[in-house]
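What follows is the content of input.cif (mmCIF, C-alpha atoms and all ligand atoms).
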```
data_protein
#
loop_
_atom_site.label_atom_id
_atom_site.label_comp_id
_atom_site.auth_asym_id
_atom_site.auth_seq_id
_atom_site.Cartn_x
_atom_site.Cartn_y
_atom_site.Cartn_z
CA PRO A 143 92.57 42.38 193.52
CA ARG A 144 91.48 43.08 190.01
CA ILE A 145 94.04 43.78 187.33
CA LEU A 146 93.62 45.33 183.91
CA ALA A 147 96.21 43.74 181.61
CA ILE A 148 97.47 44.77 178.19
CA GLU A 149 99.28 42.67 175.57
CA SER A 150 100.84 43.90 172.32
CA THR A 151 104.15 42.02 172.06
CA CYS A 152 103.70 40.60 168.59
CA ASP A 153 100.63 40.53 166.33
CA GLU A 154 97.76 40.35 168.80
CA THR A 155 96.34 43.44 170.48
CA ALA A 156 94.74 42.23 173.67
CA ALA A 157 93.35 43.43 176.98
CA ALA A 158 91.81 41.55 179.87
CA VAL A 159 90.49 42.01 183.37
CA VAL A 160 91.60 39.28 185.76
CA GLU A 161 90.64 38.92 189.39
CA ASP A 162 92.78 37.23 192.05
CA GLY A 163 95.14 35.81 189.46
CA TRP A 164 92.72 33.38 187.85
CA ARG A 165 89.15 34.62 187.39
CA VAL A 166 89.00 36.00 183.85
CA LEU A 167 86.34 38.70 183.85
CA SER A 168 87.05 39.74 180.27
CA ASN A 169 89.47 38.64 177.57
CA VAL A 170 89.55 40.65 174.36
CA VAL A 171 91.90 39.71 171.52
CA ALA A 172 92.09 41.62 168.23
CA THR A 173 94.18 39.39 166.03
CA GLN A 174 96.04 40.61 162.96
CA ILE A 175 96.25 37.21 161.28
CA ASP A 176 94.46 38.40 158.13
CA LEU A 177 96.83 41.38 157.76
CA HIS A 178 99.94 39.18 157.87
CA ALA A 179 98.61 36.07 156.09
CA LYS A 180 99.71 37.09 152.61
CA TYR A 181 103.28 37.54 153.85
CA ARG A 182 103.13 34.20 155.70
CA GLY A 183 104.59 35.80 158.78
CA VAL A 184 104.35 38.86 160.97
CA VAL A 185 105.48 42.10 159.32
CA PRO A 186 106.67 44.33 162.21
CA GLU A 187 105.71 47.63 160.59
CA ILE A 188 102.18 46.46 159.82
CA ALA A 189 101.83 44.98 163.31
CA CYS A 190 102.78 48.26 164.95
CA ARG A 191 100.25 50.26 162.92
CA ALA A 192 97.47 47.78 163.65
CA HIS A 193 98.25 47.95 167.38
CA ILE A 194 97.87 51.73 167.27
CA GLU A 195 94.44 51.36 165.66
CA ASN A 196 93.24 48.59 167.94
CA ILE A 197 94.63 49.37 171.36
CA LEU A 198 92.04 51.83 172.66
CA PRO A 199 88.91 49.99 171.43
CA VAL A 200 90.33 46.72 172.77
CA ILE A 201 91.01 48.20 176.22
CA GLN A 202 87.57 49.77 176.29
CA GLU A 203 85.89 46.52 175.36
CA ALA A 204 87.82 44.70 178.07
CA ILE A 205 86.75 47.28 180.64
CA ALA A 206 83.14 47.24 179.47
CA HIS A 207 82.91 43.47 179.80
CA GLY A 208 85.04 43.30 182.93
CA GLN A 209 82.60 45.27 185.06
CA VAL A 210 81.40 42.26 186.99
CA ALA A 211 80.43 42.66 190.63
CA PRO A 212 83.14 41.37 192.93
CA ALA A 213 82.75 37.85 194.29
CA THR A 214 80.91 37.75 197.58
CA GLY A 215 83.60 35.96 199.51
CA SER A 216 81.70 32.68 199.71
CA GLY A 217 84.37 30.95 197.69
CA VAL A 218 81.83 30.26 194.99
CA SER A 219 83.30 31.19 191.67
CA GLN A 220 81.26 33.45 189.48
CA PRO A 221 80.44 32.58 185.90
CA MET A 222 83.25 33.27 183.48
CA ALA A 223 82.94 36.24 181.21
CA PRO A 224 81.84 35.42 177.70
CA GLU A 225 84.68 35.29 175.24
CA VAL A 226 84.70 38.69 173.69
CA GLY A 227 86.03 39.60 170.29
CA LEU A 228 88.21 36.53 170.20
CA THR A 229 89.89 36.27 166.80
CA GLU A 230 86.85 36.74 164.59
CA SER A 231 85.82 40.25 165.53
CA ARG A 232 88.33 43.02 165.21
CA ALA A 233 87.47 45.86 167.47
CA SER A 234 86.28 48.95 165.63
CA ALA A 235 89.28 51.02 164.75
CA SER A 236 87.37 54.09 163.73
CA ASP A 237 86.56 55.02 167.31
CA SER A 238 89.51 57.15 168.28
CA SER A 239 88.01 58.79 171.35
CA PHE A 240 88.84 57.04 174.56
CA ILE A 241 86.46 57.25 177.45
CA LEU A 242 88.01 56.61 180.82
CA PRO A 243 86.62 53.66 182.75
CA PRO A 244 83.47 54.58 184.68
CA SER A 245 83.94 54.96 188.42
CA SER A 246 81.92 51.76 188.87
CA PHE A 247 84.83 49.91 187.29
CA ASP A 248 87.33 49.62 190.04
CA PHE A 249 90.62 47.93 189.56
CA ASP A 250 93.86 47.79 191.46
CA ALA A 251 96.69 47.80 188.94
CA VAL A 252 97.57 48.00 185.27
CA ALA A 253 99.74 45.19 183.94
CA VAL A 254 101.54 45.02 180.63
CA ALA A 255 103.71 42.48 178.85
CA HIS A 256 106.78 44.66 178.24
CA ARG A 257 109.19 41.94 177.04
CA PRO A 258 110.17 40.24 174.82
CA GLY A 259 108.66 41.15 171.47
CA LEU A 260 108.82 43.45 168.47
CA VAL A 261 109.84 46.91 169.60
CA GLY A 262 107.19 48.82 167.66
CA SER A 263 104.49 46.46 168.89
CA LEU A 264 105.63 46.48 172.52
CA LEU A 265 105.77 50.26 172.68
CA ILE A 266 102.05 50.62 171.95
CA GLY A 267 100.95 48.45 174.86
CA VAL A 268 103.60 49.78 177.23
CA THR A 269 102.65 53.39 176.45
CA ALA A 270 98.93 52.69 176.87
CA ALA A 271 99.54 50.93 180.20
CA LYS A 272 101.76 53.70 181.55
CA THR A 273 99.26 56.35 180.51
CA LEU A 274 96.37 54.57 182.22
CA ALA A 275 98.40 53.87 185.36
CA TRP A 276 99.58 57.45 185.62
CA SER A 277 96.28 59.12 184.82
CA LEU A 278 94.23 56.90 187.13
CA GLY A 279 96.82 56.72 189.88
CA LYS A 280 97.12 52.93 189.75
CA PRO A 281 100.30 50.91 190.14
CA LEU A 282 101.98 49.63 186.98
CA ILE A 283 103.22 46.04 186.71
CA GLY A 284 105.47 44.97 183.84
CA VAL A 285 105.54 41.22 183.20
CA ASP A 286 107.50 38.93 180.91
CA HIS A 287 105.29 37.63 178.09
CA VAL A 288 106.98 34.21 178.09
CA HIS A 289 106.58 33.79 181.85
CA ALA A 290 102.94 34.76 181.37
CA HIS A 291 102.54 31.96 178.77
CA LEU A 292 103.64 29.52 181.50
CA TYR A 293 101.24 31.07 184.03
CA SER A 294 98.33 30.61 181.58
CA VAL A 295 97.81 27.07 182.96
CA VAL A 296 96.42 28.61 186.17
CA LEU A 297 93.65 30.63 184.49
CA GLU A 298 90.06 29.63 185.23
CA LYS A 299 91.09 26.57 187.27
CA ASN A 300 93.18 28.28 189.98
CA GLU A 301 95.20 25.12 190.36
CA HIS A 302 98.85 25.95 191.01
CA PRO A 303 101.33 23.30 189.87
CA PRO A 304 103.79 21.84 192.35
CA MET A 305 107.27 23.35 191.91
CA PRO A 306 109.99 23.16 190.82
CA ALA A 307 108.33 22.69 187.47
CA ILE A 308 109.72 22.41 183.96
CA GLY A 309 108.02 24.93 181.71
CA LEU A 310 107.90 24.66 177.93
CA VAL A 311 106.88 27.66 175.87
CA CYS A 312 106.27 26.60 172.29
CA SER A 313 104.92 29.18 169.87
CA GLY A 314 105.66 30.98 166.62
CA GLY A 315 108.56 32.87 168.17
CA HIS A 316 109.70 30.58 171.00
CA THR A 317 110.59 27.02 171.78
CA ALA A 318 112.24 27.13 175.14
CA LEU A 319 112.49 25.19 178.37
CA TYR A 320 112.45 26.88 181.77
CA LEU A 321 113.11 25.81 185.31
CA VAL A 322 110.23 27.34 187.27
CA LYS A 323 111.01 27.42 191.00
CA SER A 324 108.23 29.93 191.60
CA TRP A 325 106.21 32.30 189.40
CA THR A 326 108.86 34.95 190.02
CA ASP A 327 111.88 32.64 189.71
CA VAL A 328 111.99 31.38 186.12
CA THR A 329 115.29 30.38 184.49
CA LEU A 330 115.92 29.51 180.85
CA ILE A 331 117.52 26.05 180.54
CA GLY A 332 117.23 25.36 176.81
CA SER A 333 115.94 26.88 173.61
CA THR A 334 115.84 26.44 169.87
CA ILE A 335 119.06 27.11 168.01
CA ASP A 336 117.16 27.90 164.80
CA ASP A 337 113.40 27.83 164.11
CA ALA A 338 110.70 27.82 166.76
CA VAL A 339 108.38 24.82 166.50
CA GLY A 340 105.39 27.02 165.56
CA GLU A 341 107.55 28.62 162.87
CA ALA A 342 108.36 25.13 161.53
CA TYR A 343 104.60 24.38 161.46
CA ASP A 344 103.98 27.60 159.55
CA LYS A 345 106.80 26.92 157.05
CA VAL A 346 105.81 23.28 156.50
CA ALA A 347 102.24 24.46 155.92
CA ALA A 348 103.58 26.83 153.26
CA ILE A 349 105.48 23.97 151.59
CA LEU A 350 102.26 21.94 151.59
CA GLY A 351 100.17 24.82 150.24
CA LEU A 352 98.10 25.11 153.44
CA GLY A 353 96.85 28.33 155.01
CA TYR A 354 98.52 30.62 157.55
CA PRO A 355 99.02 30.11 160.43
CA GLY A 356 99.85 26.51 159.62
CA GLY A 357 99.61 24.87 163.04
CA PRO A 358 95.85 24.30 163.16
CA HIS A 359 95.77 23.02 159.51
CA ILE A 360 98.57 20.48 160.06
CA ASP A 361 97.08 19.45 163.41
CA ARG A 362 93.71 18.77 161.77
CA LEU A 363 95.15 16.84 158.79
CA ALA A 364 97.51 14.84 161.02
CA ALA A 365 94.53 13.28 162.76
CA THR A 366 93.75 11.16 159.67
CA GLY A 367 97.36 10.46 158.64
CA ASP A 368 99.85 7.74 159.48
CA PRO A 369 102.54 9.12 161.80
CA LYS A 370 104.91 6.32 160.73
CA ALA A 371 104.51 6.90 156.99
CA ILE A 372 107.71 8.95 156.64
CA ALA A 373 110.71 8.64 158.98
CA PHE A 374 111.55 12.31 159.52
CA PRO A 375 114.62 13.17 161.63
CA ARG A 376 114.29 13.76 165.39
CA PRO A 377 117.07 16.31 166.07
CA LEU A 378 118.19 15.87 169.69
CA LEU A 379 121.55 17.74 169.53
CA GLY A 380 123.70 15.47 171.65
CA PRO A 381 122.96 13.30 174.68
CA GLY A 382 122.44 15.93 177.39
CA SER A 383 121.24 18.87 175.33
CA LEU A 384 118.07 20.71 176.29
CA ASP A 385 118.18 22.81 173.13
CA PHE A 386 115.97 22.31 170.09
CA SER A 387 116.45 22.46 166.33
CA PHE A 388 113.58 22.37 163.88
CA SER A 389 115.04 23.75 160.67
CA GLY A 390 116.48 20.41 159.50
CA LEU A 391 113.12 18.75 160.03
CA LYS A 392 111.49 21.45 157.95
CA THR A 393 113.98 20.85 155.15
CA ALA A 394 113.37 17.09 155.39
CA VAL A 395 109.67 17.77 154.75
CA LEU A 396 110.60 19.94 151.77
CA TYR A 397 112.69 17.12 150.29
CA ALA A 398 110.03 14.49 151.01
CA VAL A 399 107.52 16.59 149.11
CA ARG A 400 109.64 18.00 146.29
CA GLY A 401 112.45 15.47 146.00
CA VAL A 402 116.05 15.85 147.07
CA PRO A 403 118.03 18.15 144.77
CA THR A 404 120.93 16.33 143.05
CA LYS A 405 123.75 17.58 140.88
CA ASP A 406 121.93 16.67 137.68
CA GLY A 407 118.39 16.22 138.90
CA PRO A 408 115.67 18.82 139.11
CA HIS A 409 116.45 21.70 141.38
CA ILE A 410 113.78 22.25 144.01
CA ARG A 411 113.64 25.95 143.28
CA ASP A 412 112.92 25.37 139.62
CA GLU A 413 109.14 25.70 139.37
CA ARG A 414 109.01 23.68 136.11
CA HIS A 415 110.38 20.59 137.81
CA GLN A 416 108.41 20.76 141.01
CA PRO A 417 106.12 17.84 141.66
CA PRO A 418 102.63 18.95 142.70
CA ALA A 419 102.05 19.38 146.43
CA PRO A 420 100.68 16.18 147.97
CA THR A 421 96.94 15.81 148.44
CA GLY A 422 94.54 13.38 150.10
CA GLN A 423 96.03 10.56 152.17
CA ARG A 424 99.62 11.43 151.25
CA LEU A 425 99.10 14.99 152.55
CA ALA A 426 97.64 13.64 155.79
CA ASP A 427 100.57 11.22 156.12
CA VAL A 428 103.15 14.00 155.67
CA CYS A 429 101.35 16.10 158.31
CA ALA A 430 101.06 13.19 160.75
CA SER A 431 104.71 12.19 160.30
CA PHE A 432 105.96 15.77 160.70
CA GLN A 433 103.79 16.29 163.78
CA GLN A 434 105.00 13.03 165.31
CA ALA A 435 108.63 14.09 164.84
CA CYS A 436 107.94 17.41 166.61
CA VAL A 437 106.06 15.71 169.43
CA ASP A 438 108.72 13.02 169.94
CA VAL A 439 111.46 15.64 170.26
CA ILE A 440 109.44 17.75 172.69
CA VAL A 441 108.52 14.77 174.88
CA LYS A 442 112.13 13.59 174.94
CA LYS A 443 113.43 17.03 175.97
CA LEU A 444 110.79 17.41 178.66
CA LYS A 445 111.83 14.05 180.05
CA ARG A 446 115.50 15.01 180.08
CA ALA A 447 114.80 18.33 181.76
CA ALA A 448 112.43 16.85 184.34
CA GLU A 449 114.99 14.20 185.33
CA LYS A 450 117.88 16.64 185.46
CA TYR A 451 116.09 19.13 187.73
CA GLY A 452 113.89 16.79 189.75
CA ALA A 453 110.74 18.48 188.52
CA LYS A 454 107.42 17.91 190.27
CA SER A 455 105.30 19.01 187.33
CA ILE A 456 105.36 20.14 183.70
CA LEU A 457 103.79 23.34 182.34
CA ILE A 458 103.15 23.87 178.63
CA GLY A 459 102.18 27.21 177.09
CA GLY A 460 102.21 29.09 173.78
CA GLY A 461 100.32 28.59 170.50
CA VAL A 462 101.64 25.07 169.87
CA SER A 463 100.35 23.92 173.27
CA ALA A 464 96.97 23.84 171.50
CA ASN A 465 98.30 20.96 169.40
CA ARG A 466 96.20 17.82 169.77
CA GLY A 467 99.08 15.49 168.96
CA LEU A 468 101.19 17.00 171.74
CA ARG A 469 98.34 16.93 174.24
CA ALA A 470 97.49 13.34 173.41
CA ALA A 471 101.12 12.22 173.62
CA LEU A 472 101.60 13.78 177.04
CA GLN A 473 98.20 12.98 178.44
CA GLY A 474 98.48 9.34 177.45
CA GLY A 475 95.14 8.45 175.93
CA GLY A 476 94.25 8.76 172.29
CA THR A 477 92.10 11.82 172.82
CA ALA A 478 93.45 15.16 173.87
CA SER A 479 91.84 17.25 176.56
CA THR A 480 91.27 20.82 175.44
CA SER A 481 89.92 22.27 178.66
CA GLY A 482 93.29 22.84 180.28
CA GLY A 483 94.08 21.63 183.76
CA THR A 484 96.21 18.74 184.81
CA VAL A 485 96.65 15.12 183.85
CA VAL A 486 99.38 12.81 185.15
CA SER A 487 101.39 11.94 182.07
CA PRO A 488 102.11 8.23 181.75
CA VAL A 489 105.19 9.03 179.65
CA LEU A 490 106.69 11.56 182.04
CA ARG A 491 105.09 10.23 185.24
CA LEU A 492 104.41 13.79 186.31
CA PRO A 493 101.37 16.02 186.30
CA VAL A 494 101.29 17.99 183.04
CA TYR A 495 99.45 21.32 182.96
CA PHE A 496 98.01 22.75 179.74
CA PRO A 497 96.12 26.03 179.43
CA PRO A 498 92.53 26.08 178.16
CA LEU A 499 92.68 26.41 174.37
CA LYS A 500 91.77 30.09 174.25
CA TYR A 501 94.80 30.98 176.41
CA CYS A 502 97.35 29.07 174.29
CA THR A 503 97.95 31.82 171.74
CA ASP A 504 98.75 35.38 172.75
CA ASN A 505 96.31 37.02 175.15
CA ALA A 506 96.35 39.53 178.01
CA ALA A 507 94.59 37.34 180.59
CA MET A 508 97.77 35.36 181.24
CA SER A 509 99.66 38.60 181.98
CA GLY A 510 96.84 39.78 184.26
CA GLY A 511 97.12 36.47 186.11
CA LEU A 512 100.87 36.58 186.54
CA ALA A 513 100.70 40.25 187.54
CA HIS A 514 98.59 39.22 190.53
CA VAL A 515 101.62 37.38 191.95
CA TYR A 516 103.69 40.55 191.52
CA PHE A 517 100.89 42.62 193.04
CA GLU A 518 100.79 40.48 196.18
CA GLN A 519 104.56 40.86 196.52
CA ARG A 520 104.29 44.63 195.90
CA ARG A 521 106.66 44.30 192.95
CA PHE A 522 105.55 47.34 191.01
CA SER A 523 107.23 48.93 188.01
CA GLU A 524 108.40 52.50 187.57
CA LEU A 525 106.74 54.68 184.94
CA SER A 526 110.10 54.50 183.15
CA LEU A 527 109.39 50.83 182.34
CA ASP A 528 111.04 49.94 179.02
CA ALA A 529 109.93 47.85 176.07
CA ILE A 530 112.52 45.09 175.74
CA THR A 531 112.89 43.34 172.39
CA PHE A 532 113.98 39.80 171.57
CA SER A 533 117.53 40.84 170.69
CA GLN A 534 118.05 43.08 173.71
CA PHE A 535 116.92 40.25 175.85
CA ALA A 536 119.80 38.18 177.16
CA ARG A 537 118.19 35.15 178.70
P1 LIG A 601 105.30 34.49 170.52
O1 LIG A 601 106.27 33.44 170.12
O2 LIG A 601 105.94 35.78 170.84
O3 LIG A 601 104.40 34.02 171.60
P2 LIG A 601 103.37 34.09 168.34
O4 LIG A 601 102.34 35.10 168.01
O5 LIG A 601 104.02 33.44 167.21
O6 LIG A 601 104.44 34.82 169.25
P3 LIG A 601 101.37 32.41 169.55
O7 LIG A 601 100.28 33.38 169.17
O8 LIG A 601 101.42 31.96 170.96
O9 LIG A 601 102.79 32.95 169.24
O10 LIG A 601 101.30 31.11 168.63
C1 LIG A 601 101.16 31.11 167.24
C2 LIG A 601 101.81 29.85 166.68
O11 LIG A 601 101.14 28.68 167.19
C3 LIG A 601 101.78 29.74 165.18
O12 LIG A 601 103.05 29.38 164.72
C4 LIG A 601 100.76 28.62 164.91
O13 LIG A 601 101.02 27.88 163.73
C5 LIG A 601 100.93 27.75 166.15
N1 LIG A 601 99.75 26.93 166.44
C6 LIG A 601 98.50 27.36 166.73
N2 LIG A 601 97.67 26.30 166.90
C7 LIG A 601 98.41 25.18 166.70
C8 LIG A 601 98.15 23.76 166.71
N3 LIG A 601 96.93 23.30 166.95
N4 LIG A 601 99.17 22.92 166.44
C9 LIG A 601 100.41 23.38 166.20
N5 LIG A 601 100.72 24.70 166.16
C10 LIG A 601 99.75 25.58 166.41
MG MG A 602 100.44 35.48 167.66
FE FE A 603 103.24 34.57 172.78
#
```
Take the structure in the file and give it back as structure tokens.
Ligand code: ATP
Ligand code: MG
Ligand code: FE
Amino acid sequence: PRILAIESTCDETAAAVVEDGWRVLSNVVATQIDLHAKYRGVVPEIACRAHIENILPVIQEAIAHGQVAPATGSGVSQPMAPEVGLTESRASASDSSFILPPSSFDFDAVAVAHRPGLVGSLLIGVTAAKTLAWSLGKPLIGVDHVHAHLYSVVLEKNEHPPMPAIGLVCSGGHTALYLVKSWTDVTLIGSTIDDAVGEAYDKVAAILGLGYPGGPHIDRLAATGDPKAIAFPRPLLGPGSLDFSFSGLKTAVLYAVRGVPTKDGPHIRDERHQPPAPTGQRLADVCASFQQACVDVIVKKLKRAAEKYGAKSILIGGGVSANRGLRAALQGGGTASTSGGTVVSPVLRLPVYFPPLKYCTDNAAMSGGLAHVYFEQRRFSELSLDAITFSQFAR
């Protein structure tokens, strides 16, 4: 089966066509990074408006590029679709007329990530998906965006991890551990009590005067820094805890860079007394030391969770799963694989699955893949499917 999937949970408008749960026939992502960069974070109102402008051209582009002849049953995989519109090209927003898919484009269901996210953002994708499903008479499949991040490790490789697995979703909005017994049985077992790790990356980047989003900048600079230069805290929250905390680490970076405020000393908020942001080797050392602290905490928590639940594998998804320090730490060697797939981690002694880099940050292909599992189980959604926000979402 071939599934058209739609994603609009946060600040990426995306659509994809995915066949049999892993063959990505098209993957279109219109990112809004440039719209939110000056605010150093996603502004919900701006995100919602941009989704409205982008949704139809993005879906049309996904359909146009997803019209690949079906595989001929020989088991030979067909060439992957070229990456379309990924980050650099924003789909043309001026084209407001929507042309229905040509009859040559046949697909079996419409999937949409309907939770969790920003309500205004979610509603655009959910409404588009319902409208397409209803007007074309196709089944609708609502999927959980976070579960889809975990499923992203299957894309292109079609290698399903042995379960139960421990899943880690680490992104700008999430840092959470899941017990994955099957793709439809996913339970939250730990999460951040304050900042998400990607959020900490973005805030530390702001402290250091680096661009937004901060993750890729810090990752790049960390490669030439000394991870032992500064002993940042590794918050583990008690011996058995599977929760995370990154806000203290972020503050530790602030103090390392600007000095600790004292009763008489310069206050960090006083611009006149602020030391200049570090540059050169010192900047690289701060980045490497911060990154190492994040990686150490994540590895430790994965180990705890894997032991507690007798996991047979580890799945890592979300924007921070692109991080080279994290990949290298879990994959053992000095160099990080970026192609996705599995490596047996010497630290965890378990196979660790990462998605290919282009499926780390938000995309619709991962939802199209997960929706295939629902399709096979005939778990369809009603047209009354709701958008479910972060706060409504008791997990
Ligand atoms: P959600 O949490 O709902 O998935 P999001 O849009 O914040 O939302 P993603 O698009 O998956 O999540 O990830 C974006 C985050 O990933 C940003 O915080 C960014 O800094 C971080 N990130 C991206 N690349 C890297 C990297 N190489 N190293 C560390 N962090 C990274
Ligand atoms: Mg994003
Ligand atoms: Fe996401």
Give me the chain A side of the contact with ligand FE 603 (chain A), cut-off 7 Å, one line per residue showing its nearest atom pair and distance in Å at one decimal, counting all atoms listed in the file, sorted by chain and residue number, as a Markdown table.
```
| residue | atom | partner | partner_atom | distance |
| --- | --- | --- | --- | --- |
| A:His287 | CA | A:FE603 | FE | 6.5 |
| A:Val288 | CA | A:FE603 | FE | 6.5 |
| A:His291 | CA | A:FE603 | FE | 6.6 |
| A:Ser313 | CA | A:FE603 | FE | 6.4 |
| A:Gly460 | CA | A:FE603 | FE | 5.7 |
| A:Thr503 | CA | A:FE603 | FE | 6.1 |
| A:Asp504 | CA | A:FE603 | FE | 4.6 |
```
### Query
In Å, with one decimal, what is the gap from CA of Leu282 in chain A to CA of Leu512 in chain A?
13.1 Å
### Contacts with ligand MG 602 (chain A) at most 12 Å, only C-alpha atoms and all ligand atoms counted, listed as JSON, numbers by chain
{"A": [149, 150, 151, 152, 153, 154, 155, 156, 171, 172, 173, 174, 175, 176, 178, 179, 183, 184, 185, 189, 229, 259, 260, 263, 287, 291, 312, 313, 314, 315, 316, 340, 341, 344, 354, 355, 357, 460, 461, 462, 501, 502, 503, 504, 505, 506]}
### Minimum-distance residue to Thr329 in chain A, chosen among A:Leu297, A:Leu310, A:Ala204, A:Leu198 (using all atoms listed in the file)
A:Leu310
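In this structure, CA of Ala338 in chain A sits 8.5 Å away from CA of Ser389 in chain A.
For the pair CA of Ala348 in chain A and CA of Val261 in chain A, the separation is 26.6 Å.
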### Task
Just the residues within 9 Å of range 440-444 of chain A, please, counting all atoms listed in the file, with nothing from its chain fewer than 4 positions along; format it as a ChimeraX atom specification.
/A:308-310,319,378,383-386,435-436,448-449,456,468,471-472,489-490
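Near range 365-371 of chain A, within 6 Å and counting all atoms listed in the file, sit Arg362, Ala426, Asp427, Ala430, Ser431 and Gln434 of chain A; same-chain residues fewer than 3 positions away were not included.
Among the candidates A:Pro418, A:Pro497, A:Pro281, A:Gly401, the one nearest to ligand LIG 601 (chain A) when counting only C-alpha atoms and all ligand atoms is A:Pro497.
Counting only C-alpha atoms and all ligand atoms, the residue from A:Val160, A:Ile331, A:Ile372, A:Ala364 that sits nearest to ligand LIG 601 (chain A) is A:Ala364.
Nearest residue to Leu264 in chain A, choosing from A:Pro417, A:Gly511, A:Gly284, A:Gly208 and counting only C-alpha atoms: A:Gly284.
Considering all atoms listed in the file, the residue among A:Glu161, A:Gly390, A:Arg182, A:Ile197 positioned nearest to Gly356 in chain A is A:Arg182.
Nearest to Leu525 in chain A of all the residues A:Arg491, A:Arg469, A:Arg191, A:Lys280 is A:Lys280, based on all atoms listed in the file.
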### Message
Set the distance at 6 Å and use only C-alpha atoms: which residues neighbour Val322 in chain A once local chain neighbours fewer than 4 positions away are removed? I'd like the list as JSON, numbers by chain.
### Response
{"A": [306, 307, 308, 328]}
